[in-house]
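*Asks:* So I've got this file, input05.cif, and it contains mmCIF, C-alpha atoms and all ligand atoms:
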data_run
loop_
_atom_site.label_atom_id
_atom_site.label_comp_id
_atom_site.auth_asym_id
_atom_site.auth_seq_id
_atom_site.Cartn_x
_atom_site.Cartn_y
_atom_site.Cartn_z
CA MET A 1 11.36 -13.19 -5.64
CA LYS A 2 13.48 -12.24 -2.63
CA THR A 3 11.66 -11.97 0.68
CA ARG A 4 12.21 -9.80 3.76
CA ARG A 5 10.93 -10.49 7.27
CA LEU A 6 8.17 -8.19 8.53
CA CYS A 7 9.28 -6.98 12.00
CA LYS A 8 10.97 -9.31 14.50
CA SER A 9 8.51 -12.20 14.37
CA GLY A 10 6.43 -11.52 11.29
CA PRO A 11 6.10 -13.47 8.03
CA GLU A 12 8.58 -13.40 5.15
CA LEU A 13 7.07 -11.01 2.60
CA SER A 14 8.06 -10.88 -1.05
CA GLU A 15 9.76 -7.55 -1.77
CA ILE A 16 6.74 -6.62 -3.87
CA GLY A 17 3.20 -7.02 -2.58
CA LEU A 18 0.16 -6.65 -4.83
CA GLY A 19 -1.99 -3.60 -4.07
CA ALA A 20 -5.71 -4.22 -4.60
CA TRP A 21 -7.11 -0.68 -4.31
CA ALA A 22 -7.75 -0.30 -8.06
CA ILE A 23 -9.35 -3.76 -8.12
CA GLY A 24 -12.18 -2.25 -6.03
CA GLY A 25 -13.46 -0.58 -9.22
CA ALA A 26 -15.74 2.47 -9.21
CA TRP A 27 -16.68 4.19 -5.91
CA ARG A 28 -16.07 7.61 -4.42
CA TRP A 29 -12.28 7.12 -4.19
CA GLY A 30 -12.10 4.42 -6.84
CA TRP A 31 -10.20 4.05 -10.10
CA GLY A 32 -13.23 3.81 -12.37
CA LYS A 33 -14.70 0.68 -13.94
CA THR A 34 -12.54 -2.41 -13.60
CA ASP A 35 -12.93 -5.85 -15.16
CA ASP A 36 -13.23 -8.37 -12.28
CA ASN A 37 -12.14 -11.30 -14.44
CA GLU A 38 -8.97 -9.44 -15.39
CA SER A 39 -8.45 -8.57 -11.71
CA VAL A 40 -8.62 -12.28 -10.82
CA ARG A 41 -6.17 -13.11 -13.63
CA THR A 42 -3.85 -10.36 -12.34
CA ILE A 43 -3.87 -11.83 -8.82
CA HIS A 44 -3.17 -15.33 -10.19
CA ARG A 45 -0.33 -14.03 -12.37
CA ALA A 46 1.15 -12.19 -9.38
CA ILE A 47 1.20 -15.45 -7.39
CA ASP A 48 2.77 -17.33 -10.33
CA LEU A 49 5.49 -14.67 -10.51
CA GLY A 50 6.43 -15.04 -6.84
CA ILE A 51 4.41 -12.32 -5.11
CA ASN A 52 3.36 -13.89 -1.81
CA TRP A 53 1.16 -11.20 -0.33
CA ILE A 54 -1.71 -8.93 -1.22
CA ASP A 55 -2.95 -5.71 0.36
CA THR A 56 -6.61 -4.75 0.27
CA ALA A 57 -9.05 -2.84 2.50
CA ALA A 58 -12.69 -3.10 3.45
CA VAL A 59 -13.41 0.33 1.98
CA TYR A 60 -11.91 -0.35 -1.49
CA GLY A 61 -15.03 -0.48 -3.64
CA TYR A 62 -17.08 -0.72 -0.42
CA GLY A 63 -16.14 -4.36 0.02
CA HIS A 64 -15.72 -5.17 -3.68
CA SER A 65 -11.92 -5.47 -3.64
CA GLU A 66 -12.05 -7.93 -0.74
CA LYS A 67 -14.72 -9.97 -2.55
CA VAL A 68 -12.60 -10.18 -5.72
CA VAL A 69 -9.53 -11.14 -3.67
CA GLY A 70 -11.58 -13.83 -1.88
CA LYS A 71 -12.78 -15.21 -5.23
CA ALA A 72 -9.25 -15.23 -6.69
CA LEU A 73 -7.80 -17.01 -3.65
CA LYS A 74 -10.25 -19.94 -3.69
CA GLY A 75 -8.01 -23.02 -3.53
CA LYS A 76 -4.92 -20.79 -3.26
CA ARG A 77 -5.34 -19.33 0.23
CA ALA A 78 -2.33 -21.20 1.63
CA GLN A 79 -0.05 -19.65 -1.02
CA ILE A 80 -0.65 -16.07 -0.04
CA ILE A 81 -0.48 -13.70 2.91
CA VAL A 82 -3.61 -11.57 3.06
CA ALA A 83 -3.46 -8.05 4.49
CA THR A 84 -6.55 -5.92 4.85
CA LYS A 85 -7.60 -2.80 6.74
CA CYS A 86 -10.41 -1.49 8.87
CA GLY A 87 -11.44 1.91 10.19
CA LEU A 88 -13.10 3.57 7.20
CA VAL A 89 -16.79 2.74 7.42
CA TRP A 90 -19.06 3.81 4.59
CA LYS A 91 -22.47 2.75 5.97
CA LYS A 92 -22.45 5.16 8.93
CA LYS A 93 -24.91 8.03 9.14
CA THR A 94 -22.61 10.12 11.37
CA LYS A 95 -20.03 12.55 9.98
CA GLY A 96 -16.86 11.15 8.43
CA PRO A 97 -15.98 7.53 7.68
CA ASN A 98 -13.23 7.13 10.34
CA ASP A 99 -14.26 4.68 13.05
CA LEU A 100 -11.80 2.78 15.22
CA SER A 101 -14.21 2.13 18.07
CA PRO A 102 -13.77 -1.42 19.44
CA GLN A 103 -17.33 -2.43 18.45
CA SER A 104 -16.84 -1.19 14.88
CA ILE A 105 -13.48 -2.99 14.53
CA ARG A 106 -15.14 -6.22 15.71
CA SER A 107 -18.01 -5.93 13.27
CA GLU A 108 -15.63 -4.98 10.41
CA VAL A 109 -13.37 -7.97 10.92
CA GLU A 110 -16.33 -10.35 10.62
CA ASP A 111 -17.42 -8.68 7.36
CA SER A 112 -13.89 -8.84 5.95
CA LEU A 113 -13.50 -12.53 6.88
CA ARG A 114 -16.76 -13.29 5.09
CA ARG A 115 -15.89 -11.29 1.95
CA LEU A 116 -12.39 -12.76 1.80
CA GLN A 117 -13.83 -16.29 2.34
CA THR A 118 -11.21 -17.08 4.97
CA ASP A 119 -11.06 -18.12 8.64
CA PHE A 120 -8.27 -15.68 9.49
CA ILE A 121 -6.60 -12.53 8.18
CA ASP A 122 -2.80 -12.59 8.17
CA LEU A 123 -2.20 -8.86 8.67
CA TYR A 124 -5.00 -6.66 9.99
CA GLN A 125 -4.35 -2.91 9.87
CA PHE A 126 -5.92 0.38 10.89
CA HIS A 127 -6.42 2.28 7.64
CA TRP A 128 -6.27 5.83 9.06
CA PRO A 129 -6.25 7.25 12.60
CA ASP A 130 -9.56 8.09 14.28
CA PRO A 131 -9.09 11.10 16.57
CA LYS A 132 -12.50 10.48 18.20
CA VAL A 133 -11.41 7.24 19.88
CA PRO A 134 -8.40 6.75 22.22
CA VAL A 135 -6.02 4.68 20.12
CA GLU A 136 -5.23 2.57 23.21
CA ASP A 137 -8.84 1.26 23.20
CA SER A 138 -8.71 0.48 19.48
CA TRP A 139 -5.32 -1.24 19.69
CA ALA A 140 -6.38 -3.32 22.72
CA GLU A 141 -9.31 -4.61 20.66
CA MET A 142 -6.92 -5.59 17.86
CA ASN A 143 -4.86 -7.49 20.43
CA LYS A 144 -8.00 -9.42 21.43
CA LEU A 145 -8.70 -10.33 17.80
CA GLN A 146 -5.19 -11.72 17.55
CA GLU A 147 -5.57 -13.73 20.77
CA GLU A 148 -8.82 -15.17 19.38
CA GLY A 149 -7.01 -16.27 16.19
CA LYS A 150 -9.07 -14.12 13.83
CA VAL A 151 -5.95 -12.23 12.73
CA ARG A 152 -2.25 -13.14 12.92
CA TRP A 153 -0.28 -9.88 12.82
CA LEU A 154 -1.33 -6.33 13.60
CA GLY A 155 -0.45 -3.17 11.69
CA VAL A 156 -1.38 0.46 11.21
CA SER A 157 -1.38 2.79 8.24
CA ASN A 158 -0.90 6.56 7.97
CA PHE A 159 0.19 6.79 11.64
CA ASP A 160 2.82 9.25 12.91
CA VAL A 161 5.46 8.55 15.57
CA PRO A 162 3.40 9.77 18.58
CA LEU A 163 0.54 7.42 17.62
CA LEU A 164 2.96 4.54 17.02
CA LYS A 165 4.41 5.10 20.49
CA ARG A 166 0.97 4.96 22.10
CA CYS A 167 0.26 1.64 20.38
CA GLU A 168 3.70 0.23 21.25
CA ALA A 169 2.98 0.90 24.94
CA ILE A 170 0.11 -1.63 24.72
CA ARG A 171 1.36 -4.17 22.20
CA HIS A 172 4.05 -4.30 19.50
CA VAL A 173 3.12 -2.81 16.13
CA ASP A 174 4.06 -5.43 13.54
CA SER A 175 3.85 -3.09 10.56
CA LEU A 176 3.32 0.45 9.38
CA GLN A 177 1.88 1.17 5.94
CA PRO A 178 2.91 4.70 4.92
CA PRO A 179 3.08 6.43 1.52
CA TYR A 180 6.62 6.39 0.15
CA ASN A 181 7.97 7.17 -3.30
CA MET A 182 10.44 9.52 -5.01
CA LEU A 183 7.84 12.31 -4.93
CA ASN A 184 6.81 11.81 -1.31
CA ARG A 185 9.68 11.31 1.12
CA SER A 186 8.01 12.75 4.21
CA ILE A 187 8.58 9.58 6.30
CA GLU A 188 12.36 9.62 5.90
CA LYS A 189 13.17 11.99 8.73
CA GLU A 190 11.32 10.59 11.76
CA ILE A 191 9.05 7.69 10.88
CA LEU A 192 11.50 5.34 9.13
CA PRO A 193 14.23 5.72 11.81
CA TYR A 194 11.62 5.05 14.52
CA CYS A 195 10.41 1.91 12.70
CA LEU A 196 13.96 0.63 12.22
CA GLU A 197 14.82 1.18 15.86
CA ASN A 198 11.63 -0.52 17.09
CA GLU A 199 11.58 -3.36 14.54
CA ILE A 200 8.32 -2.26 12.98
CA GLY A 201 8.00 -3.58 9.42
CA VAL A 202 7.39 -0.95 6.75
CA ILE A 203 5.18 -1.80 3.79
CA ALA A 204 5.34 1.25 1.54
CA TYR A 205 2.30 2.25 -0.47
CA SER A 206 2.06 4.10 -3.82
CA PRO A 207 5.72 3.41 -4.77
CA MET A 208 5.01 4.69 -8.30
CA ALA A 209 3.00 7.71 -7.02
CA SER A 210 -0.25 6.05 -8.16
CA GLY A 211 0.93 5.86 -11.76
CA ILE A 212 2.87 9.15 -12.24
CA LEU A 213 6.23 7.38 -11.87
CA THR A 214 5.43 4.54 -14.29
CA GLY A 215 6.88 6.58 -17.15
CA LYS A 216 3.68 5.90 -19.14
CA PHE A 217 1.18 8.04 -17.30
CA ASP A 218 -1.32 9.86 -19.52
CA MET A 219 -3.93 12.02 -17.79
CA ALA A 220 -6.05 11.92 -20.97
CA LYS A 221 -6.61 8.19 -20.37
CA VAL A 222 -7.77 8.66 -16.77
CA THR A 223 -11.56 8.35 -16.75
CA ALA A 224 -13.89 10.89 -15.08
CA ASP A 225 -14.79 8.39 -12.31
CA ASP A 226 -11.11 7.84 -11.36
CA TRP A 227 -10.06 9.54 -8.06
CA ARG A 228 -6.95 10.92 -9.74
CA GLN A 229 -9.14 13.37 -11.70
CA LYS A 230 -9.94 15.20 -8.45
CA SER A 231 -6.64 14.76 -6.58
CA PRO A 232 -4.35 17.78 -6.00
CA GLU A 233 -1.42 15.41 -6.64
CA PHE A 234 -2.41 15.38 -10.30
CA ARG A 235 -2.93 19.15 -10.69
CA GLU A 236 -0.80 21.86 -12.23
CA PRO A 237 1.71 23.38 -11.87
CA ALA A 238 3.32 20.57 -9.80
CA PHE A 239 1.98 17.85 -12.11
CA SER A 240 4.04 18.97 -15.14
CA GLN A 241 7.11 19.24 -12.92
CA LYS A 242 6.60 15.65 -11.83
CA LEU A 243 6.38 14.50 -15.45
CA ALA A 244 9.53 16.50 -16.24
CA LEU A 245 11.29 14.63 -13.42
CA VAL A 246 10.15 11.32 -14.94
CA GLU A 247 11.90 12.29 -18.19
CA LYS A 248 15.14 12.86 -16.26
CA LEU A 249 14.78 9.43 -14.64
CA ARG A 250 14.26 7.69 -17.99
CA PRO A 251 17.95 7.51 -19.02
CA ILE A 252 18.93 6.22 -15.57
CA ALA A 253 16.34 3.41 -15.84
CA ALA A 254 17.46 2.70 -19.43
CA LYS A 255 21.05 2.15 -18.27
CA TYR A 256 19.79 -0.98 -16.45
CA GLY A 257 17.37 -1.95 -19.22
CA LYS A 258 14.48 -1.02 -16.91
CA THR A 259 11.40 1.18 -17.14
CA VAL A 260 10.93 4.25 -14.96
CA GLY A 261 8.28 2.34 -12.97
CA GLN A 262 10.74 -0.47 -12.23
CA LEU A 263 13.34 2.12 -11.19
CA ALA A 264 10.80 3.80 -8.88
CA ILE A 265 10.05 0.47 -7.16
CA ALA A 266 13.75 -0.44 -6.85
CA TRP A 267 14.41 3.00 -5.34
CA VAL A 268 11.82 2.38 -2.60
CA LEU A 269 13.25 -1.10 -1.93
CA ASN A 270 16.73 0.37 -1.67
CA ASN A 271 15.79 1.89 1.70
CA ARG A 272 16.78 -0.65 4.34
CA ALA A 273 13.87 0.35 6.59
CA VAL A 274 11.40 -0.84 3.93
CA THR A 275 10.19 -4.45 4.14
CA SER A 276 8.15 -4.49 0.94
CA ALA A 277 6.64 -2.16 -1.67
CA ILE A 278 2.89 -2.41 -2.28
CA VAL A 279 2.56 -2.03 -6.02
CA GLY A 280 -0.90 -1.49 -7.48
CA ALA A 281 -1.99 -3.33 -10.62
CA ARG A 282 -5.27 -4.36 -12.19
CA ARG A 283 -4.02 -5.86 -15.44
CA VAL A 284 -1.81 -8.89 -16.08
CA GLU A 285 0.74 -6.99 -18.18
CA GLN A 286 1.16 -4.42 -15.39
CA VAL A 287 2.13 -7.02 -12.80
CA GLU A 288 4.40 -8.73 -15.34
CA GLU A 289 6.31 -5.47 -15.76
CA ASN A 290 6.27 -4.41 -12.11
CA ILE A 291 7.80 -7.65 -10.87
CA SER A 292 11.17 -6.47 -12.25
CA GLY A 293 11.21 -3.62 -9.76
CA SER A 294 12.70 -6.27 -7.47
CA GLY A 295 15.84 -8.36 -7.90
CA TRP A 296 18.43 -5.72 -8.85
CA ASN A 297 20.17 -2.75 -7.24
CA ILE A 298 20.63 0.84 -8.25
CA GLU A 299 24.35 1.71 -8.15
CA ARG A 300 25.56 4.25 -5.59
CA GLU A 301 26.41 6.94 -8.17
CA ASP A 302 22.93 6.68 -9.72
CA LEU A 303 21.33 6.86 -6.28
CA GLU A 304 23.24 10.09 -5.75
CA THR A 305 22.12 11.47 -9.12
CA ILE A 306 18.51 10.55 -8.30
CA GLY A 307 18.92 12.16 -4.86
CA ASP A 308 20.11 15.41 -6.50
CA LEU A 309 17.19 15.32 -8.97
CA LEU A 310 14.71 14.78 -6.13
CA ASP A 311 16.20 17.58 -4.04
CA GLY A 312 15.81 19.96 -6.97
CA TRP A 313 12.64 18.81 -8.71
CA TYR A 314 10.25 21.43 -7.25
CA SER A 315 12.17 24.28 -8.84
CA SER A 316 13.52 22.62 -11.99
N1 LIG A 401 -3.07 2.74 3.34
C1 LIG A 401 -3.42 3.67 2.50
O1 LIG A 401 -3.98 4.72 2.89
C2 LIG A 401 -3.13 3.46 1.05
C3 LIG A 401 -3.21 4.54 0.14
C4 LIG A 401 -2.87 4.29 -1.18
C5 LIG A 401 -2.50 3.02 -1.60
N2 LIG A 401 -2.47 1.99 -0.70
C6 LIG A 401 -2.08 0.61 -1.11
O2 LIG A 401 -0.95 0.65 -1.95
C7 LIG A 401 -1.26 0.06 -3.21
C8 LIG A 401 -0.46 0.72 -4.31
O3 LIG A 401 -0.64 2.11 -4.32
P1 LIG A 401 -1.26 2.89 -5.57
O4 LIG A 401 -2.23 1.97 -6.24
O5 LIG A 401 -1.66 4.22 -5.11
O6 LIG A 401 -0.05 3.22 -6.49
P2 LIG A 401 1.19 2.65 -7.29
O7 LIG A 401 1.51 1.26 -6.97
O8 LIG A 401 2.20 3.70 -7.09
O9 LIG A 401 0.60 2.76 -8.79
C9 LIG A 401 -0.36 1.84 -9.23
C10 LIG A 401 -1.08 2.34 -10.47
O10 LIG A 401 -0.17 2.62 -11.52
C11 LIG A 401 -0.64 2.09 -12.75
N3 LIG A 401 0.28 1.03 -13.15
C12 LIG A 401 0.68 -0.05 -12.42
N4 LIG A 401 1.55 -0.79 -13.12
C13 LIG A 401 1.73 -0.16 -14.29
C14 LIG A 401 2.51 -0.46 -15.41
N5 LIG A 401 3.30 -1.51 -15.44
N6 LIG A 401 2.46 0.40 -16.47
C15 LIG A 401 1.66 1.48 -16.44
N7 LIG A 401 0.88 1.81 -15.39
C16 LIG A 401 0.90 0.98 -14.32
C17 LIG A 401 -2.01 1.52 -12.49
O11 LIG A 401 -3.01 2.49 -12.79
P3 LIG A 401 -3.91 2.31 -14.16
O12 LIG A 401 -4.51 0.96 -14.08
O13 LIG A 401 -4.89 3.39 -14.12
O14 LIG A 401 -2.98 2.45 -15.29
C18 LIG A 401 -1.96 1.24 -11.01
O15 LIG A 401 -3.22 1.22 -10.41
C19 LIG A 401 -2.79 0.20 -3.32
O16 LIG A 401 -3.35 -0.72 -4.24
C20 LIG A 401 -3.19 -0.07 -1.89
O17 LIG A 401 -3.17 -1.47 -1.63
C21 LIG A 401 -2.76 2.21 0.62
#
Would you encode the structure as structure tokens?
Ligand SMILES: NC(=O)c1ccc[n+]([C@@H]2O[C@H](COP(=O)([O-])OP(=O)(O)OC[C@H]3O[C@@H](n4cnc5c(N)ncnc54)[C@H](OP(=O)(O)O)[C@@H]3O)[C@@H](O)[C@H]2O)c1

*Replies:*
Amino acid sequence: MKTRRLCKSGPELSEIGLGAWAIGGAWRWGWGKTDDNESVRTIHRAIDLGINWIDTAAVYGYGHSEKVVGKALKGKRAQIIVATKCGLVWKKKTKGPNDLSPQSIRSEVEDSLRRLQTDFIDLYQFHWPDPKVPVEDSWAEMNKLQEEGKVRWLGVSNFDVPLLKRCEAIRHVDSLQPPYNMLNRSIEKEILPYCLENEIGVIAYSPMASGILTGKFDMAKVTADDWRQKSPEFREPAFSQKLALVEKLRPIAAKYGKTVGQLAIAWVLNNRAVTSAIVGARRVEQVEENISGSGWNIEREDLETIGDLLDGWYSS
């Protein structure tokens, strides 16, 4: 698979990274019961197919996703770039999980290293902002972790431009992990131009809108313990409009012999500010299909047609 460099001095990332949120299994914001053995097989298949990096987070399954990733990477650690996140702490008794205090970051990194069974994390990221702590203090602590060799590159997720600027004033931000897909283009106006200009790598999450843009999504198959059952993104009336949009995308994907999911991934990768798309999968056949979201281009006229569909989809 083709690779793209993350920021000015970052690693070469495959255009598709494997997202390990669903691999965390059942928890408050989980995807319901997941078969760990199948998760391990999915990670191995992803590596065989040329995916060279994986994105997880401490909070996914309250540590479970990191443990499964650590198990899968035994003997394969050198083949893969591991990205994980801190800042959502589930053991706290205080209100809200967000914690980017320097002492919490330090304790979280040790826990993640242990669960991942590794001496260092390639890309360590803030999961969400924490308005209670000056971001300068949090980011300075990340810089220390890098100097100590515990982590190699530093990133943030769900940050806006003002927060990115405050971090940049202390130390370069190697990557931003924002949501980006045909149904959520909110980063196009300010965030992507800022990242391009400042050489911040962009690793886009939910490129298939957490399943809606796969072209196969069936709410009836989503179990009661899956977060999508309680998400406004999956509620009417917008939900039916999203599925109607998928039907309009189907013939465009078919023209290339692709599925709607593959088209959705290729559309994200078409944006030159994007370094890689983080595509979620928890079954082997999913990763086998998703891999073909990379390696081809959508022609200009089809990009324009898709653009028109996206501009009009709310009212269609
Ligand atoms: N930083 C953040 O705040 C944040 C937030 C969200 C996501 N992320 C990262 O981004 C990754 C990807 O995002 P995402 O999981 O929301 O969404 P996604 O990649 O847009 O969609 C993934 C989901 O679609 C379904 N799917 C995948 N391949 C399929 C296929 N070939 N056919 C049919 N269905 C398929 C799977 O759900 P089923 O197994 O249920 O079918 C899968 O979990 C996450 O794993 C995580 O690493 C980060």

*Asks:* Residues at most 6 Å from ligand LIG 401 (chain A), using all atoms listed in the file? Could they come as an NGL selection string?

*Replies:* :A and (19-22 or 55-56 or 127 or 157 or 177 or 205-211 or 214 or 216 or 278-282 or 286 or 289-290)

*Asks:* Please save C-alpha atoms of the selected residues as a tab-separated table (two decimals), in the coordinates of the input.

*Replies:*
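Listing of again.tsv after writing:
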chain	number	residue	atom	x	y	z
A	19	GLY	CA	-1.99	-3.60	-4.07
A	20	ALA	CA	-5.71	-4.22	-4.60
A	21	TRP	CA	-7.11	-0.68	-4.31
A	22	ALA	CA	-7.75	-0.30	-8.06
A	55	ASP	CA	-2.95	-5.71	0.36
A	56	THR	CA	-6.61	-4.75	0.27
A	127	HIS	CA	-6.42	2.28	7.64
A	157	SER	CA	-1.38	2.79	8.24
A	177	GLN	CA	1.88	1.17	5.94
A	205	TYR	CA	2.30	2.25	-0.47
A	206	SER	CA	2.06	4.10	-3.82
A	207	PRO	CA	5.72	3.41	-4.77
A	208	MET	CA	5.01	4.69	-8.30
A	209	ALA	CA	3.00	7.71	-7.02
A	210	SER	CA	-0.25	6.05	-8.16
A	211	GLY	CA	0.93	5.86	-11.76
A	214	THR	CA	5.43	4.54	-14.29
A	216	LYS	CA	3.68	5.90	-19.14
A	278	ILE	CA	2.89	-2.41	-2.28
A	279	VAL	CA	2.56	-2.03	-6.02
A	280	GLY	CA	-0.90	-1.49	-7.48
A	281	ALA	CA	-1.99	-3.33	-10.62
A	282	ARG	CA	-5.27	-4.36	-12.19
A	286	GLN	CA	1.16	-4.42	-15.39
A	289	GLU	CA	6.31	-5.47	-15.76
A	290	ASN	CA	6.27	-4.41	-12.11

*Asks:* I'd like to know which of A:Leu6, A:Ile265, A:Val287, A:Leu310 is closest to Gly155 of chain A, using only C-alpha atoms.

*Replies:*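 Among the listed residues, the smallest separation from Gly155 of chain A belongs to A:Leu6.
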
*Asks:* Could you check which of A:Arg106, A:Lys255, A:Arg5, A:Lys242 is closest to Asn143 of chain A, using all atoms listed in the file?

*Replies:*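 Residue with the minimum atom-to-atom distance to Asn143 of chain A: A:Arg106.
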
*Asks:* Ile23 of chain A: which residues within 10 Å, counting only C-alpha atoms, same-chain residues fewer than 6 positions away excluded, as JSON, numbers by chain?

*Replies:* {"A": [30, 31, 32, 33, 34, 35, 36, 38, 39, 40, 42, 43, 56, 60, 61, 64, 65, 66, 67, 68, 69, 280, 281, 282, 283]}

*Asks:* Measuring between only C-alpha atoms, which one of A:Asn184, A:Gly17, A:Val89, A:Pro232 shows the shortest distance to Arg4 of chain A?

*Replies:*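 Once distances to Arg4 of chain A are computed over only C-alpha atoms, the minimum belongs to A:Gly17.
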
*Asks:* Counting all atoms listed in the file, figure out which residue out of A:Val59, A:Glu141, A:Pro131, A:Ser14 gets nearest to Arg28 of chain A.

*Replies:*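 Counting all atoms listed in the file, the residue closest to Arg28 of chain A is A:Val59.
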
*Asks:* Please, what distance in Å, to one decimal, runs between atom CA of Gly215 of chain A and atom CA of Leu309 of chain A?

*Replies:*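 Interatomic distance, atom CA of Gly215 of chain A to atom CA of Leu309 of chain A: 15.8 Å.
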
*Asks:* When you draw a straight line from atom CA of Thr275 of chain A to atom CA of Val202 of chain A, how long is it in Å?

*Replies:* 5.2 Å

*Asks:* One number please: atom CA of Lys74 of chain A to atom CA of Gly50 of chain A, in Å, one decimal.

*Replies:* 17.7 Å

*Asks:* So, with only C-alpha atoms as the atoms that count, which of A:Leu73, A:Trp90, A:Pro162, A:Ala253 lies closest to Thr118 of chain A?

*Replies:* A:Leu73

*Asks:* Find the residue from A:Glu136, A:Asp302, A:Asp218, A:Asp308 that sits nearest to Pro102 of chain A; use only C-alpha atoms when measuring.

*Replies:*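 Comparing A:Glu136, A:Asp302, A:Asp218, A:Asp308 against Pro102 of chain A, the winner is A:Glu136.
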
*Asks:* Which residues, written as a PyMOL selection string, have at least one atom at most 6 Å from Ala266 of chain A, with all atoms listed in the file counted and residues fewer than 2 positions away on the same chain left out?

*Replies:* chain A and resi 263-264+268-269+293-294

*Asks:* Could I see segment 29-42 of chain A restored to N, CA, C and O atoms, set down as a PDB file, keeping the file's coordinate frame?

*Replies:*
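Final output, saved to selection.pdb:
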ATOM      1  N   TRP A  29     -13.733   6.991  -4.041  1.00  0.00           N
ATOM      2  CA  TRP A  29     -12.280   7.120  -4.190  1.00  0.00           C
ATOM      3  C   TRP A  29     -11.722   5.975  -5.028  1.00  0.00           C
ATOM      4  O   TRP A  29     -10.649   5.465  -4.757  1.00  0.00           O
ATOM      5  N   GLY A  30     -12.512   5.541  -6.015  1.00  0.00           N
ATOM      6  CA  GLY A  30     -12.100   4.420  -6.840  1.00  0.00           C
ATOM      7  C   GLY A  30     -11.367   4.845  -8.110  1.00  0.00           C
ATOM      8  O   GLY A  30     -11.151   6.030  -8.361  1.00  0.00           O
ATOM      9  N   TRP A  31     -10.997   3.836  -8.889  1.00  0.00           N
ATOM     10  CA  TRP A  31     -10.200   4.050 -10.100  1.00  0.00           C
ATOM     11  C   TRP A  31     -11.042   3.871 -11.358  1.00  0.00           C
ATOM     12  O   TRP A  31     -10.510   3.593 -12.433  1.00  0.00           O
ATOM     13  N   GLY A  32     -12.361   3.994 -11.210  1.00  0.00           N
ATOM     14  CA  GLY A  32     -13.230   3.810 -12.370  1.00  0.00           C
ATOM     15  C   GLY A  32     -13.511   2.332 -12.604  1.00  0.00           C
ATOM     16  O   GLY A  32     -13.067   1.472 -11.845  1.00  0.00           O
ATOM     17  N   LYS A  33     -14.268   2.068 -13.662  1.00  0.00           N
ATOM     18  CA  LYS A  33     -14.700   0.680 -13.940  1.00  0.00           C
ATOM     19  C   LYS A  33     -13.510  -0.242 -14.118  1.00  0.00           C
ATOM     20  O   LYS A  33     -12.534   0.107 -14.765  1.00  0.00           O
ATOM     21  N   THR A  34     -13.632  -1.435 -13.522  1.00  0.00           N
ATOM     22  CA  THR A  34     -12.540  -2.410 -13.600  1.00  0.00           C
ATOM     23  C   THR A  34     -13.149  -3.769 -13.934  1.00  0.00           C
ATOM     24  O   THR A  34     -14.242  -4.087 -13.474  1.00  0.00           O
ATOM     25  N   ASP A  35     -12.444  -4.534 -14.747  1.00  0.00           N
ATOM     26  CA  ASP A  35     -12.930  -5.850 -15.160  1.00  0.00           C
ATOM     27  C   ASP A  35     -12.531  -6.892 -14.094  1.00  0.00           C
ATOM     28  O   ASP A  35     -11.344  -7.193 -13.930  1.00  0.00           O
ATOM     29  N   ASP A  36     -13.524  -7.428 -13.381  1.00  0.00           N
ATOM     30  CA  ASP A  36     -13.230  -8.370 -12.280  1.00  0.00           C
ATOM     31  C   ASP A  36     -12.482  -9.615 -12.751  1.00  0.00           C
ATOM     32  O   ASP A  36     -11.623 -10.137 -12.041  1.00  0.00           O
ATOM     33  N   ASN A  37     -12.826 -10.099 -13.951  1.00  0.00           N
ATOM     34  CA  ASN A  37     -12.140 -11.300 -14.440  1.00  0.00           C
ATOM     35  C   ASN A  37     -10.658 -11.017 -14.666  1.00  0.00           C
ATOM     36  O   ASN A  37      -9.795 -11.837 -14.341  1.00  0.00           O
ATOM     37  N   GLU A  38     -10.372  -9.815 -15.188  1.00  0.00           N
ATOM     38  CA  GLU A  38      -8.970  -9.440 -15.390  1.00  0.00           C
ATOM     39  C   GLU A  38      -8.286  -9.248 -14.030  1.00  0.00           C
ATOM     40  O   GLU A  38      -7.106  -9.589 -13.872  1.00  0.00           O
ATOM     41  N   SER A  39      -9.025  -8.726 -13.055  1.00  0.00           N
ATOM     42  CA  SER A  39      -8.450  -8.570 -11.710  1.00  0.00           C
ATOM     43  C   SER A  39      -8.046  -9.939 -11.149  1.00  0.00           C
ATOM     44  O   SER A  39      -6.957 -10.093 -10.583  1.00  0.00           O
ATOM     45  N   VAL A  40      -8.918 -10.925 -11.321  1.00  0.00           N
ATOM     46  CA  VAL A  40      -8.620 -12.280 -10.820  1.00  0.00           C
ATOM     47  C   VAL A  40      -7.386 -12.829 -11.544  1.00  0.00           C
ATOM     48  O   VAL A  40      -6.467 -13.378 -10.918  1.00  0.00           O
ATOM     49  N   ARG A  41      -7.338 -12.630 -12.858  1.00  0.00           N
ATOM     50  CA  ARG A  41      -6.170 -13.110 -13.630  1.00  0.00           C
ATOM     51  C   ARG A  41      -4.886 -12.414 -13.153  1.00  0.00           C
ATOM     52  O   ARG A  41      -3.821 -13.022 -13.071  1.00  0.00           O
ATOM     53  N   THR A  42      -5.020 -11.127 -12.818  1.00  0.00           N
ATOM     54  CA  THR A  42      -3.850 -10.360 -12.340  1.00  0.00           C
ATOM     55  C   THR A  42      -3.347 -10.935 -11.023  1.00  0.00           C
ATOM     56  O   THR A  42      -2.134 -11.104 -10.814  1.00  0.00           O
TER      57      THR A  42
END
